[in-house]
$ cat work17.txt   # compact mmCIF, C-alpha atoms
# COMPACT_ATOMS: atom_id res chain seq x y z
CA MET A 1061 -13.54 32.29 54.27
CA LYS A 1062 -16.02 32.55 51.35
CA TRP A 1063 -13.33 34.11 49.18
CA LYS A 1064 -10.91 31.25 49.86
CA LEU A 1065 -13.61 28.62 49.22
CA SER A 1066 -14.63 30.21 45.91
CA ASN A 1067 -10.97 30.49 44.85
CA LEU A 1068 -10.41 26.84 45.72
CA ILE A 1069 -13.46 25.75 43.72
CA GLY A 1070 -12.35 27.92 40.78
CA ILE A 1071 -8.83 26.48 40.85
CA LEU A 1072 -10.19 22.92 41.02
CA ALA A 1073 -12.56 23.61 38.10
CA ILE A 1074 -9.73 25.01 35.97
CA ALA A 1075 -7.49 22.08 36.89
CA MET A 1076 -10.17 19.55 35.88
CA ILE A 1077 -10.78 21.33 32.56
CA VAL A 1078 -7.05 21.40 31.78
CA LEU A 1079 -6.54 17.76 32.75
CA PHE A 1080 -9.48 16.42 30.74
CA ALA A 1081 -9.00 18.71 27.75
CA LEU A 1082 -5.47 17.47 26.97
CA PRO A 1083 -5.29 15.36 23.83
CA ALA A 1084 -4.82 11.67 24.29
CA ILE A 1085 -1.30 10.55 23.49
CA ALA A 1086 -0.89 6.92 22.48
CA ASN A 1087 2.02 4.81 21.44
CA ALA A 1088 0.47 3.86 18.09
CA PRO A 1089 2.23 3.10 14.81
CA PRO A 1090 1.79 5.33 11.77
CA PRO A 1091 -0.90 4.44 9.22
CA PRO A 1092 -0.02 1.57 6.90
CA PRO A 1093 1.86 2.33 3.68
CA MET A 1094 -0.51 2.53 0.71
CA ASN A 1095 0.25 2.50 -3.01
CA TRP A 1096 -2.42 3.58 -5.47
CA PHE A 1097 -2.44 2.46 -9.09
CA LYS A 1098 -4.64 4.34 -11.57
CA LEU A 1099 -5.28 2.76 -14.94
CA SER A 1100 -5.92 5.20 -17.76
CA TYR A 1101 -7.28 3.99 -21.07
CA SER A 1102 -6.36 5.40 -24.48
CA ALA A 1103 -9.60 4.69 -26.35
CA SER A 1104 -12.24 2.26 -25.13
CA GLN A 1105 -12.51 1.26 -21.48
CA PRO A 1106 -12.16 -2.51 -21.22
CA THR A 1107 -13.11 -4.30 -18.02
CA LEU A 1108 -10.26 -5.23 -15.66
CA GLN A 1109 -10.41 -8.94 -14.86
CA SER A 1110 -7.07 -9.49 -13.14
CA LEU A 1111 -3.97 -7.52 -12.24
CA GLN A 1112 -0.60 -8.91 -11.17
CA ILE A 1113 2.31 -7.08 -9.58
CA VAL A 1114 5.54 -8.81 -10.53
CA GLU A 1115 9.04 -8.09 -9.24
CA CYS A 1116 12.13 -7.94 -11.42
CA ASN A 1117 15.88 -7.85 -10.86
CA THR A 1118 16.55 -5.65 -13.89
CA ALA A 1119 14.87 -2.87 -15.83
CA THR A 1120 14.24 -5.25 -18.73
CA CYS A 1121 12.33 -7.66 -16.45
CA GLU A 1122 13.46 -10.88 -18.16
CA GLN A 1123 12.73 -13.14 -15.17
CA PRO A 1124 9.75 -11.71 -13.29
CA THR A 1125 8.43 -13.28 -10.11
CA LEU A 1126 4.83 -12.89 -8.98
CA PHE A 1127 4.49 -10.70 -5.91
CA ILE A 1128 0.70 -10.38 -5.52
CA GLN A 1129 -2.38 -10.44 -7.72
CA TYR A 1130 -5.99 -9.33 -7.86
CA GLY A 1131 -8.43 -11.68 -9.56
CA GLU A 1132 -7.47 -14.75 -11.54
CA CYS A 1133 -5.18 -14.16 -14.51
CA LEU A 1134 -5.56 -17.00 -17.02
CA ALA A 1135 -4.32 -15.39 -20.23
CA THR A 1136 -1.06 -16.39 -21.90
CA GLY A 1137 1.62 -14.12 -20.44
CA CYS A 1138 0.28 -14.14 -16.89
CA LEU A 1139 2.46 -15.63 -14.19
CA LYS A 1140 1.09 -18.66 -12.40
CA PRO A 1141 0.61 -18.29 -8.65
CA ASP A 1142 3.27 -20.14 -6.68
CA ALA A 1143 2.52 -21.88 -3.40
CA ASN A 1144 5.74 -20.41 -2.02
CA ILE A 1145 4.75 -16.75 -2.08
CA SER A 1146 7.24 -14.73 -0.09
CA ALA A 1147 6.41 -13.98 3.55
CA SER A 1148 6.44 -10.26 2.81
CA ALA A 1149 3.73 -10.62 0.15
CA LYS A 1150 1.42 -12.36 2.63
CA SER A 1151 1.28 -9.18 4.70
CA TYR A 1152 -0.20 -7.17 1.79
CA ARG A 1153 -3.75 -6.66 0.57
CA PHE A 1154 -4.38 -5.82 -3.09
CA ASP A 1155 -7.83 -4.73 -4.27
CA CYS A 1156 -9.14 -3.09 -7.43
CA ALA A 1157 -12.33 -1.25 -8.30
CA ASP A 1158 -13.10 0.30 -11.67
CA ASN A 1159 -9.80 1.84 -12.85
CA ARG A 1160 -8.02 2.11 -9.47
CA CYS A 1161 -6.12 -0.43 -7.42
CA LEU A 1162 -4.79 -0.17 -3.88
CA LEU A 1163 -1.89 -2.08 -2.35
CA ILE A 1164 -1.77 -1.92 1.45
CA ASN A 1165 0.83 -3.34 3.81
CA GLU A 1166 -1.39 -4.69 6.59
CA VAL A 1167 1.43 -5.67 8.95
CA ASN A 1168 2.52 -2.26 10.13
CA THR A 1169 5.42 -2.12 12.53
CA PHE A 1170 7.51 0.70 13.86
CA PRO A 1171 10.52 1.47 11.63
CA SER A 1172 12.89 0.44 14.43
CA ASN A 1173 11.33 -3.05 14.45
CA GLN A 1174 11.68 -3.61 10.72
CA PRO A 1175 14.70 -5.56 9.55
CA LYS A 1176 17.21 -3.49 7.65
CA THR A 1177 18.14 -5.33 4.48
CA GLN A 1178 21.09 -4.36 2.40
CA GLU A 1179 20.05 -6.64 -0.44
CA LYS A 1180 19.13 -4.81 -3.63
CA THR A 1181 17.39 -7.60 -5.55
CA ASN A 1182 13.96 -7.19 -7.10
CA ARG A 1183 14.29 -3.41 -7.32
CA TRP A 1184 11.82 -3.16 -10.21
CA PHE A 1185 8.17 -4.05 -10.61
CA ARG A 1186 5.75 -4.36 -13.50
CA LEU A 1187 1.99 -4.69 -13.77
CA ILE A 1188 0.39 -7.42 -15.87
CA GLY A 1189 -3.29 -6.78 -16.48
CA GLN A 1190 -5.85 -9.10 -17.99
CA PHE A 1191 -8.65 -7.01 -19.48
CA SER A 1192 -11.81 -8.01 -21.30
CA ASP A 1193 -10.14 -7.39 -24.67
CA ARG A 1194 -6.51 -8.50 -24.16
CA LEU A 1195 -3.49 -8.80 -21.84
CA ARG A 1196 -1.53 -5.60 -21.19
CA LEU A 1197 1.91 -5.02 -19.63
CA SER A 1198 3.27 -1.88 -18.03
CA SER A 1199 6.84 -0.83 -18.49
CA PRO A 1200 9.08 -1.70 -15.50
CA ILE A 1201 9.01 0.86 -12.69
CA LEU A 1202 11.71 1.41 -10.09
CA LYS A 1203 10.49 0.48 -6.58
CA ASP A 1204 12.67 2.98 -4.74
CA SER A 1205 10.90 5.98 -6.23
CA GLN A 1206 9.08 8.12 -3.69
CA GLU A 1207 5.97 8.07 -5.87
CA GLN A 1208 3.08 6.44 -3.95
CA ASN A 1209 0.57 7.07 -6.75
CA THR A 1210 1.30 5.37 -10.05
CA SER A 1211 -0.69 6.16 -13.17
CA LEU A 1212 -0.42 3.66 -15.98
CA SER A 1213 -1.69 4.03 -19.51
CA VAL A 1214 -3.07 0.71 -20.79

$ encode --input "work17.txt" --output "structure tokens"
Amino acid sequence: MKWKLSNLIGILAIAMIVLFALPAIANAPPPPPMNWFKLSYSASQPTLQSLQIVECNTATCEQPTLFIQYGECLATGCLKPDANISASAKSYRFDCADNRCLLINEVNTFPSNQPKTQEKTNRWFRLIGQFSDRLRLSSPILKDSQEQNTSLSV
């Protein structure tokens, strides 16, 4: 009788350890997509005052449209903020500190819930930066590249 009771207690103890030691499995989405921008300076290090991400239809970026911005860009050459910012841009957060900027998509949904668009407009983007010494433009960059870290020489 004692042998059976000790076996039963041992089996129950092992079962409790196995049940409570299993990792928690949740139906959670993946972390939000993040894009890092690192600004590298050729000589002096001017202070970043504002940075705009603009979208373009072509690699020459003749008609850019403002996507999102950090700070207030007032220099000639900056795009003026439009009251009709696209709905997709409202789901992003764009912050800068020192020589790095981070663009995060805060509305994170499962890939199956995201609309599949076949439209290939605004495939390029460009950065417009207002620094303490002058306005600087990046060359247009293709959006579809798998690069999540972009380093720009300004």

$ closest_residue --input "work17.txt" --among "A:Cys1133, A:Gln1123, A:Pro1092, A:Asn1182" --to "Ser1151 (chain A)" --atoms "all atoms listed in the file"
A:Pro1092

$ closest_residue --input "work17.txt" --among "A:Met1094, A:Leu1187, A:Leu1134, A:Leu1195" --to "Glu1166 (chain A)" --atoms "all atoms listed in the file"
A:Met1094

$ atom_distance --input "work17.txt" --atom1 "CA of Tyr1152 (chain A)" --atom2 "CA of Ile1113 (chain A)"
11.6 Å

$ residues_around --input "work17.txt" --residues "Thr1107 (chain A)" --least-positions-apart "2" --cutoff "8 Å" --atoms "all atoms listed in the file" --output "ChimeraX atom specification"
/A:1105,1109,1158,1191-1193

$ residues_near_point --input "work17.txt" --point "(6.8, -9.5, -14.9)" --cutoff "8 Å" --atoms "only C-alpha atoms" --output "count of residues only"
15

$ atom_distance --input "work17.txt" --atom1 "CA of Thr1136 (chain A)" --atom2 "CA of Ala1119 (chain A)"
21.8 Å

$ axis_aligned_box --input "work17.txt" --around "region 1115-1129 of chain A" --padding-each-side "6 Å" --output "AutoDock Vina command-line options"
--center_x 7.1 --center_y -8.1 --center_z -12.1 --size_x 30.9 --size_y 22.4 --size_z 25.2

$ atom_distance --input "work17.txt" --atom1 "CA of Leu1108 (chain A)" --atom2 "CA of Asp1142 (chain A)"
22.0 Å

$ residues_near_point --input "work17.txt" --point "(-3.8, -2.3, -0.8)" --cutoff "9 Å" --atoms "all atoms listed in the file" --output "JSON, numbers by chain"
{"A": [1093, 1094, 1095, 1096, 1152, 1153, 1154, 1155, 1156, 1161, 1162, 1163, 1164, 1165, 1166]}

$ write_last_selection --input "work17.txt" --atoms "C-alpha atoms" --output "short mmCIF file (atom, residue, chain, number, x, y, z; two decimals), in the frame of the given file"
data_model
loop_
_atom_site.label_atom_id
_atom_site.label_comp_id
_atom_site.auth_asym_id
_atom_site.auth_seq_id
_atom_site.Cartn_x
_atom_site.Cartn_y
_atom_site.Cartn_z
CA PRO A 1093 1.86 2.33 3.68
CA MET A 1094 -0.51 2.53 0.71
CA ASN A 1095 0.25 2.50 -3.01
CA TRP A 1096 -2.42 3.58 -5.47
CA TYR A 1152 -0.20 -7.17 1.79
CA ARG A 1153 -3.75 -6.66 0.57
CA PHE A 1154 -4.38 -5.82 -3.09
CA ASP A 1155 -7.83 -4.73 -4.27
CA CYS A 1156 -9.14 -3.09 -7.43
CA CYS A 1161 -6.12 -0.43 -7.42
CA LEU A 1162 -4.79 -0.17 -3.88
CA LEU A 1163 -1.89 -2.08 -2.35
CA ILE A 1164 -1.77 -1.92 1.45
CA ASN A 1165 0.83 -3.34 3.81
CA GLU A 1166 -1.39 -4.69 6.59
#

$ closest_residue --input "work17.txt" --among "A:Gly1189, A:Pro1089, A:Pro1141, A:Pro1200" --to "Phe1127 (chain A)" --atoms "only C-alpha atoms"
A:Pro1141
